[in-house]
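Visitor: final_28.pdb is reproduced below (PDB, C-alpha atoms, pLDDT in the B column).
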ATOM      1  CA  ILE A   1      72.153  85.594  64.505  1.00 97.00           C
ATOM      2  CA  ASP A   2      68.708  84.096  64.251  1.00 95.00           C
ATOM      3  CA  CYS A   3      68.107  84.470  67.965  1.00 95.00           C
ATOM      4  CA  GLY A   4      66.271  87.013  70.097  1.00 96.00           C
ATOM      5  CA  SER A   5      63.837  87.271  72.968  1.00 97.00           C
ATOM      6  CA  MET A   6      61.383  84.910  71.249  1.00 96.00           C
ATOM      7  CA  TYR A   7      63.891  82.100  71.932  1.00 97.00           C
ATOM      8  CA  GLU A   8      64.043  82.857  75.658  1.00 97.00           C
ATOM      9  CA  THR A   9      62.516  80.521  78.220  1.00 95.00           C
ATOM     10  CA  PRO A  10      61.190  81.544  81.645  1.00 95.00           C
ATOM     11  CA  GLY A  11      64.663  80.696  82.988  1.00 95.00           C
ATOM     12  CA  SER A  12      66.505  82.865  80.438  1.00 97.00           C
ATOM     13  CA  SER A  13      64.043  85.774  80.300  1.00 96.00           C
ATOM     14  CA  GLY A  14      65.923  89.025  79.677  1.00 97.00           C
ATOM     15  CA  ALA A  15      69.011  87.302  78.229  1.00 98.00           C
ATOM     16  CA  SER A  16      68.777  89.052  74.837  1.00 97.00           C
ATOM     17  CA  HIS A  17      68.555  92.480  76.454  1.00 97.00           C
ATOM     18  CA  LEU A  18      71.584  91.732  78.623  1.00 98.00           C
ATOM     19  CA  LEU A  19      73.517  90.194  75.693  1.00 98.00           C
ATOM     20  CA  GLU A  20      72.994  93.394  73.721  1.00 98.00           C
ATOM     21  CA  ARG A  21      74.547  95.355  76.583  1.00 97.00           C
ATOM     22  CA  MET A  22      77.348  92.792  77.053  1.00 98.00           C
ATOM     23  CA  SER A  23      78.414  92.924  73.402  1.00 98.00           C
ATOM     24  CA  PHE A  24      82.046  93.799  72.712  1.00 98.00           C
ATOM     25  CA  LYS A  25      83.067  93.386  76.362  1.00 98.00           C
ATOM     26  CA  SER A  26      85.867  91.066  77.562  1.00 98.00           C
ATOM     27  CA  THR A  27      86.495  87.855  75.620  1.00 98.00           C
ATOM     28  CA  THR A  28      88.772  84.879  76.247  1.00 98.00           C
ATOM     29  CA  ASN A  29      91.324  86.554  73.934  1.00 98.00           C
ATOM     30  CA  ARG A  30      91.186  90.228  74.948  1.00 97.00           C
ATOM     31  CA  SER A  31      90.041  92.499  77.748  1.00 98.00           C
ATOM     32  CA  HIS A  32      87.301  95.054  77.169  1.00 98.00           C
ATOM     33  CA  LEU A  33      89.921  97.819  77.344  1.00 98.00           C
ATOM     34  CA  ARG A  34      92.094  96.136  74.715  1.00 98.00           C
ATOM     35  CA  LEU A  35      89.065  95.610  72.459  1.00 98.00           C
ATOM     36  CA  VAL A  36      88.097  99.292  72.750  1.00 97.00           C
ATOM     37  CA  ARG A  37      91.677 100.365  71.971  1.00 98.00           C
ATOM     38  CA  GLU A  38      91.857  98.077  68.927  1.00 97.00           C
ATOM     39  CA  VAL A  39      88.578  99.434  67.555  1.00 98.00           C
ATOM     40  CA  GLU A  40      89.580 103.052  68.195  1.00 97.00           C
ATOM     41  CA  SER A  41      93.063 102.606  66.696  1.00 97.00           C
ATOM     42  CA  ILE A  42      91.535 101.955  63.264  1.00 96.00           C
ATOM     43  CA  GLY A  43      88.767 104.531  63.620  1.00 96.00           C
ATOM     44  CA  GLY A  44      86.142 101.802  63.866  1.00 97.00           C
ATOM     45  CA  ASN A  45      82.702 101.704  65.395  1.00 97.00           C
ATOM     46  CA  VAL A  46      81.038  98.633  66.951  1.00 98.00           C
ATOM     47  CA  SER A  47      77.447  98.127  68.006  1.00 98.00           C
ATOM     48  CA  ALA A  48      74.887  95.439  68.735  1.00 98.00           C
ATOM     49  CA  ILE A  49      71.118  95.328  68.756  1.00 98.00           C
ATOM     50  CA  ALA A  50      68.701  92.737  70.089  1.00 97.00           C
ATOM     51  CA  THR A  51      65.251  92.259  68.597  1.00 96.00           C
ATOM     52  CA  ARG A  52      62.613  89.632  69.206  1.00 96.00           C
ATOM     53  CA  GLU A  53      63.878  87.524  66.309  1.00 96.00           C
ATOM     54  CA  GLN A  54      67.555  88.437  65.829  1.00 97.00           C
ATOM     55  CA  MET A  55      70.790  89.572  67.428  1.00 98.00           C
ATOM     56  CA  CYS A  56      72.903  91.777  65.187  1.00 98.00           C
ATOM     57  CA  TYR A  57      76.560  92.658  65.820  1.00 98.00           C
ATOM     58  CA  THR A  58      78.182  95.247  63.542  1.00 98.00           C
ATOM     59  CA  TYR A  59      81.652  96.676  63.008  1.00 97.00           C
ATOM     60  CA  ASP A  60      82.230  99.641  60.699  1.00 97.00           C
ATOM     61  CA  ALA A  61      85.691 100.769  59.562  1.00 96.00           C
ATOM     62  CA  PHE A  62      87.775 101.200  56.400  1.00 95.00           C
ATOM     63  CA  ARG A  63      88.029  98.228  54.043  1.00 93.00           C
ATOM     64  CA  ALA A  64      91.795  97.891  54.611  1.00 95.00           C
ATOM     65  CA  TYR A  65      91.039  96.639  58.130  1.00 97.00           C
ATOM     66  CA  VAL A  66      88.633  93.847  57.160  1.00 97.00           C
ATOM     67  CA  PRO A  67      90.829  91.025  58.575  1.00 97.00           C
ATOM     68  CA  ASP A  68      91.083  92.805  61.957  1.00 96.00           C
ATOM     69  CA  MET A  69      87.386  93.664  61.956  1.00 97.00           C
ATOM     70  CA  VAL A  70      86.231  90.117  61.186  1.00 97.00           C
ATOM     71  CA  GLU A  71      88.492  88.631  63.852  1.00 97.00           C
ATOM     72  CA  VAL A  72      87.286  91.042  66.564  1.00 98.00           C
ATOM     73  CA  LEU A  73      83.657  90.607  65.519  1.00 97.00           C
ATOM     74  CA  ILE A  74      83.817  86.803  65.598  1.00 98.00           C
ATOM     75  CA  ASP A  75      85.818  86.796  68.841  1.00 98.00           C
ATOM     76  CA  SER A  76      83.188  89.017  70.479  1.00 98.00           C
ATOM     77  CA  VAL A  77      80.317  86.797  69.338  1.00 97.00           C
ATOM     78  CA  ARG A  78      81.916  83.409  69.991  1.00 97.00           C
ATOM     79  CA  ASN A  79      84.176  83.944  73.003  1.00 97.00           C
ATOM     80  CA  PRO A  80      82.607  86.329  75.530  1.00 98.00           C
ATOM     81  CA  THR A  81      83.781  85.703  79.096  1.00 97.00           C
ATOM     82  CA  PHE A  82      80.871  87.438  80.872  1.00 98.00           C
ATOM     83  CA  LEU A  83      82.990  88.565  83.811  1.00 98.00           C
ATOM     84  CA  ASP A  84      80.811  88.850  86.915  1.00 96.00           C
ATOM     85  CA  TRP A  85      81.620  92.518  87.486  1.00 97.00           C
ATOM     86  CA  GLU A  86      80.827  93.404  83.854  1.00 98.00           C
ATOM     87  CA  VAL A  87      77.507  91.539  84.050  1.00 98.00           C
ATOM     88  CA  LYS A  88      76.571  93.263  87.342  1.00 97.00           C
ATOM     89  CA  GLU A  89      77.487  96.661  85.896  1.00 97.00           C
ATOM     90  CA  GLN A  90      75.229  96.116  82.873  1.00 97.00           C
ATOM     91  CA  LEU A  91      72.375  94.825  85.045  1.00 97.00           C
ATOM     92  CA  GLU A  92      72.537  98.117  86.973  1.00 96.00           C
ATOM     93  CA  GLU A  93      72.348  99.973  83.644  1.00 96.00           C
ATOM     94  CA  ILE A  94      69.281  97.925  82.691  1.00 95.00           C
ATOM     95  CA  LYS A  95      67.611  98.803  86.020  1.00 94.00           C
ATOM     96  CA  ALA A  96      68.136 102.501  85.256  1.00 93.00           C
ATOM     97  CA  GLU A  97      66.783 101.977  81.730  1.00 90.00           C
ATOM     98  CA  ILE A  98      63.630 100.305  83.101  1.00 86.00           C
ATOM     99  CA  ALA A  99      63.128 103.179  85.573  1.00 84.00           C
ATOM    100  CA  GLU A 100      63.280 105.651  82.660  1.00 84.00           C
ATOM    101  CA  PHE A 101      60.687 103.623  80.742  1.00 79.00           C
ATOM    102  CA  SER A 102      58.279 103.629  83.675  1.00 73.00           C
ATOM    103  CA  ALA A 103      58.180 107.436  83.459  1.00 74.00           C
ATOM    104  CA  ASN A 104      57.737 107.319  79.675  1.00 75.00           C
ATOM    105  CA  PRO A 105      54.930 104.951  78.671  1.00 72.00           C
ATOM    106  CA  GLN A 106      55.390 105.837  74.999  1.00 76.00           C
ATOM    107  CA  GLY A 107      58.780 104.099  75.180  1.00 72.00           C
ATOM    108  CA  LEU A 108      56.981 100.920  76.228  1.00 80.00           C
ATOM    109  CA  LEU A 109      54.552 101.011  73.313  1.00 85.00           C
ATOM    110  CA  LEU A 110      56.149  98.159  71.331  1.00 85.00           C
ATOM    111  CA  GLU A 111      56.450  96.047  74.472  1.00 88.00           C
ATOM    112  CA  ALA A 112      52.767  96.631  75.234  1.00 88.00           C
ATOM    113  CA  LEU A 113      51.737  95.828  71.650  1.00 91.00           C
ATOM    114  CA  HIS A 114      53.502  92.469  71.744  1.00 92.00           C
ATOM    115  CA  SER A 115      52.392  91.467  75.232  1.00 91.00           C
ATOM    116  CA  ALA A 116      48.747  92.291  74.439  1.00 94.00           C
ATOM    117  CA  GLY A 117      48.722  91.140  70.829  1.00 95.00           C
ATOM    118  CA  TYR A 118      50.449  87.745  71.028  1.00 96.00           C
ATOM    119  CA  THR A 119      50.599  84.581  73.045  1.00 95.00           C
ATOM    120  CA  GLY A 120      53.708  82.452  72.746  1.00 96.00           C
ATOM    121  CA  ALA A 121      57.221  83.468  71.720  1.00 96.00           C
ATOM    122  CA  LEU A 122      56.485  86.930  70.304  1.00 96.00           C
ATOM    123  CA  ALA A 123      54.854  87.900  73.600  1.00 95.00           C
ATOM    124  CA  ASN A 124      58.219  87.472  75.361  1.00 96.00           C
ATOM    125  CA  PRO A 125      59.456  90.878  76.526  1.00 93.00           C
ATOM    126  CA  LEU A 126      62.417  92.397  74.714  1.00 93.00           C
ATOM    127  CA  ILE A 127      63.197  94.617  77.689  1.00 92.00           C
ATOM    128  CA  ALA A 128      64.353  92.489  80.618  1.00 93.00           C
ATOM    129  CA  PRO A 129      61.505  92.209  83.141  1.00 91.00           C
ATOM    130  CA  GLU A 130      62.311  93.384  86.676  1.00 89.00           C
ATOM    131  CA  PRO A 131      62.174  89.877  88.261  1.00 92.00           C
ATOM    132  CA  ALA A 132      64.620  88.571  85.617  1.00 93.00           C
ATOM    133  CA  ILE A 133      67.250  91.130  86.574  1.00 93.00           C
ATOM    134  CA  HIS A 134      67.688  89.496  89.973  1.00 93.00           C
ATOM    135  CA  LYS A 135      68.396  86.046  88.511  1.00 95.00           C
ATOM    136  CA  LEU A 136      70.299  86.817  85.283  1.00 97.00           C
ATOM    137  CA  ASP A 137      73.998  85.945  85.514  1.00 97.00           C
ATOM    138  CA  SER A 138      76.942  84.797  83.416  1.00 97.00           C
ATOM    139  CA  SER A 139      75.939  81.112  83.510  1.00 97.00           C
ATOM    140  CA  ILE A 140      72.489  81.895  82.028  1.00 98.00           C
ATOM    141  CA  LEU A 141      74.123  83.952  79.259  1.00 98.00           C
ATOM    142  CA  LYS A 142      76.639  81.191  78.465  1.00 97.00           C
ATOM    143  CA  GLU A 143      73.892  78.582  78.298  1.00 97.00           C
ATOM    144  CA  PHE A 144      71.727  80.827  76.072  1.00 97.00           C
ATOM    145  CA  ILE A 145      74.630  81.370  73.665  1.00 96.00           C
ATOM    146  CA  ALA A 146      75.532  77.661  73.586  1.00 95.00           C
ATOM    147  CA  GLU A 147      71.940  76.773  72.673  1.00 94.00           C
ATOM    148  CA  ASN A 148      71.296  79.535  70.166  1.00 95.00           C
ATOM    149  CA  TYR A 149      74.547  80.793  68.577  1.00 95.00           C
ATOM    150  CA  THR A 150      74.931  77.834  66.220  1.00 94.00           C
ATOM    151  CA  ALA A 151      76.146  77.572  62.612  1.00 94.00           C
ATOM    152  CA  PRO A 152      72.751  77.198  60.874  1.00 94.00           C
ATOM    153  CA  ARG A 153      71.512  80.367  62.600  1.00 95.00           C
ATOM    154  CA  MET A 154      74.447  82.672  61.788  1.00 96.00           C
ATOM    155  CA  VAL A 155      75.105  84.942  58.829  1.00 97.00           C
ATOM    156  CA  LEU A 156      78.283  86.952  58.286  1.00 97.00           C
ATOM    157  CA  ALA A 157      77.767  89.790  55.823  1.00 97.00           C
ATOM    158  CA  ALA A 158      80.086  92.552  54.600  1.00 96.00           C
ATOM    159  CA  SER A 159      79.770  95.527  52.312  1.00 95.00           C
ATOM    160  CA  GLY A 160      82.557  96.645  49.971  1.00 93.00           C
ATOM    161  CA  VAL A 161      84.490  93.371  50.340  1.00 95.00           C
ATOM    162  CA  GLU A 162      85.000  90.649  47.750  1.00 96.00           C
ATOM    163  CA  HIS A 163      83.155  87.463  48.729  1.00 97.00           C
ATOM    164  CA  ASP A 164      86.235  85.230  48.307  1.00 97.00           C
ATOM    165  CA  VAL A 165      88.304  87.544  50.505  1.00 96.00           C
ATOM    166  CA  LEU A 166      85.656  87.502  53.248  1.00 97.00           C
ATOM    167  CA  VAL A 167      85.397  83.694  53.094  1.00 97.00           C
ATOM    168  CA  SER A 168      89.198  83.282  53.310  1.00 97.00           C
ATOM    169  CA  ILE A 169      89.289  85.440  56.460  1.00 97.00           C
ATOM    170  CA  ALA A 170      86.179  84.043  58.166  1.00 97.00           C
ATOM    171  CA  GLU A 171      86.443  80.335  57.369  1.00 97.00           C
ATOM    172  CA  PRO A 172      89.330  79.547  59.763  1.00 97.00           C
ATOM    173  CA  LEU A 173      87.489  81.429  62.530  1.00 97.00           C
ATOM    174  CA  LEU A 174      84.101  79.751  61.994  1.00 96.00           C
ATOM    175  CA  SER A 175      84.813  76.309  60.515  1.00 94.00           C
ATOM    176  CA  ASP A 176      84.766  74.601  63.936  1.00 94.00           C
ATOM    177  CA  LEU A 177      81.188  75.683  64.690  1.00 93.00           C
ATOM    178  CA  PRO A 178      79.174  72.505  65.221  1.00 81.00           C
ATOM    179  CA  ALA A 179      76.735  71.678  62.405  1.00 83.00           C
ATOM    180  CA  VAL A 180      73.719  71.093  64.599  1.00 92.00           C
ATOM    181  CA  LYS A 181      70.157  70.788  63.375  1.00 92.00           C
ATOM    182  CA  ARG A 182      68.296  74.070  63.209  1.00 89.00           C
ATOM    183  CA  PRO A 183      65.623  74.134  65.949  1.00 88.00           C
ATOM    184  CA  GLU A 184      61.986  74.678  65.168  1.00 91.00           C
ATOM    185  CA  GLU A 185      60.964  78.319  65.501  1.00 92.00           C
ATOM    186  CA  PRO A 186      59.010  78.933  68.709  1.00 95.00           C
ATOM    187  CA  LYS A 187      55.285  79.322  68.058  1.00 96.00           C
ATOM    188  CA  SER A 188      53.332  82.564  68.395  1.00 96.00           C
ATOM    189  CA  VAL A 189      49.636  83.257  67.918  1.00 97.00           C
ATOM    190  CA  TYR A 190      48.153  86.695  67.322  1.00 96.00           C
ATOM    191  CA  VAL A 191      45.219  87.123  69.687  1.00 96.00           C
ATOM    192  CA  GLY A 192      44.750  90.887  69.937  1.00 93.00           C
ATOM    193  CA  GLY A 193      44.042  92.473  73.264  1.00 91.00           C
ATOM    194  CA  ASP A 194      44.284  95.488  75.492  1.00 90.00           C
ATOM    195  CA  TYR A 195      47.114  96.906  77.600  1.00 84.00           C
ATOM    196  CA  ARG A 196      46.763  99.852  79.982  1.00 81.00           C
ATOM    197  CA  CYS A 197      49.484 101.580  81.945  1.00 72.00           C
ATOM    198  CA  GLN A 198      49.048 104.426  84.435  1.00 71.00           C
ATOM    199  CA  ALA A 199      51.821 107.031  84.516  1.00 65.00           C
ATOM    200  CA  ASP A 200      52.423 110.425  86.092  1.00 69.00           C
ATOM    201  CA  CYS A 201      52.775 112.374  82.857  1.00 64.00           C
ATOM    202  CA  GLN A 202      50.685 114.143  80.237  1.00 64.00           C
TER     203      GLN A 202
END
Show how you would write the structure in this file as structure tokens.
Guide:
Amino acid sequence: IDCGSMYETPGSSGASHLLERMSFKSTTNRSHLRLVREVESIGGNVSAIATREQMCYTYDAFRAYVPDMVEVLIDSVRNPTFLDWEVKEQLEEIKAEIAEFSANPQGLLLEALHSAGYTGALANPLIAPEPAIHKLDSSILKEFIAENYTAPRMVLAASGVEHDVLVSIAEPLLSDLPAVKRPEEPKSVYVGGDYRCQADCQ
């Protein structure tokens, strides 16, 4: 999905980081437990990654399970419920992640490069900033998805599957996506700069 932290606003700062952690949780059609059991029953593996410019959701399993895989993948992307307790649990995980980074400045190198090197969208942090953690909730995530997970910004790709087969499986699950106009990409300007961080380490 052509959407990442560069599309965040001050009100949705940290949404991409939290969405990455909320991937493949409860949806309107299945609980998180049911989703995990379905994936495990076919020996599958699911993952998600957020970058500044994209969100990527993946599902790996044997080709025979393509219909099941596509349905679970699309359900997870289009129908997350963002249950309050699941969101709070992941926010606690993010707090722990941030604490680890503060003791390891090398882990923050890419964040520092972007914050010092750019103004505009690419300067937005990929790791949720501490103040954002206290205001992020399910309503912010739902609004972010509604604005950004639109048809012109999505690609469904598969390896080892005939194109016509993939289309026949995916079309009924995606054909109701609204055909909205693709938004203009947020602007960024490279300015260069300097970033210094003190840490108690070698």
Visitor: Edge lengths and centre in Å to one decimal, as lines of an AutoDock Vina configuration file, of the axis-aligned box that encloses all listed atoms of region 172-179 of chain A with 4 Å added on every side?
Guide:
center_x = 83.0
center_y = 76.6
center_z = 62.5
size_x = 20.6
size_y = 17.8
size_z = 13.5
Visitor: If the PyMOL selection byres ((chain A and resi 58-62) around 12) were run on this exact file, what residues would it hold? Put them as a PyMOL selection string.
Guide: chain A and resi 1+20+23-24+36+38-50+55-57+63-74+76-77+155-161
Visitor: Enumerate, in order of chain and increasing residue number, the residues of region 10-126 of chain A with an atom no farther than 10 Å from region 180-189 of chain A, each with its shortest atom pair and distance in Å to one decimal, counting all atoms listed in the file, as CSV.
Guide:
residue,atom,partner,partner_atom,distance
A:Glu53,CA,A:Glu185,CA,9.7
A:Gly117,CA,A:Val189,CA,8.5
A:Tyr118,CA,A:Val189,CA,5.5
A:Thr119,CA,A:Val189,CA,5.4
A:Gly120,CA,A:Ser188,CA,4.4
A:Ala121,CA,A:Ser188,CA,5.2
A:Leu122,CA,A:Ser188,CA,5.7
A:Ala123,CA,A:Ser188,CA,7.6
A:Asn124,CA,A:Ser188,CA,9.8
Visitor: CA of Ile127 (chain A) and CA of Gln106 (chain A), how far apart in Å?
Guide: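 Computing the Euclidean distance for CA of Gln106 (chain A) and CA of Ile127 (chain A) yields 13.9 Å.
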Visitor: As an exercise, work out the distance from CA of Val165 (chain A) to CA of Asp75 (chain A) in Å and give it to one decimal place.
Guide: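 Calculated distance between CA of Val165 (chain A) and CA of Asp75 (chain A) is 18.5 Å.
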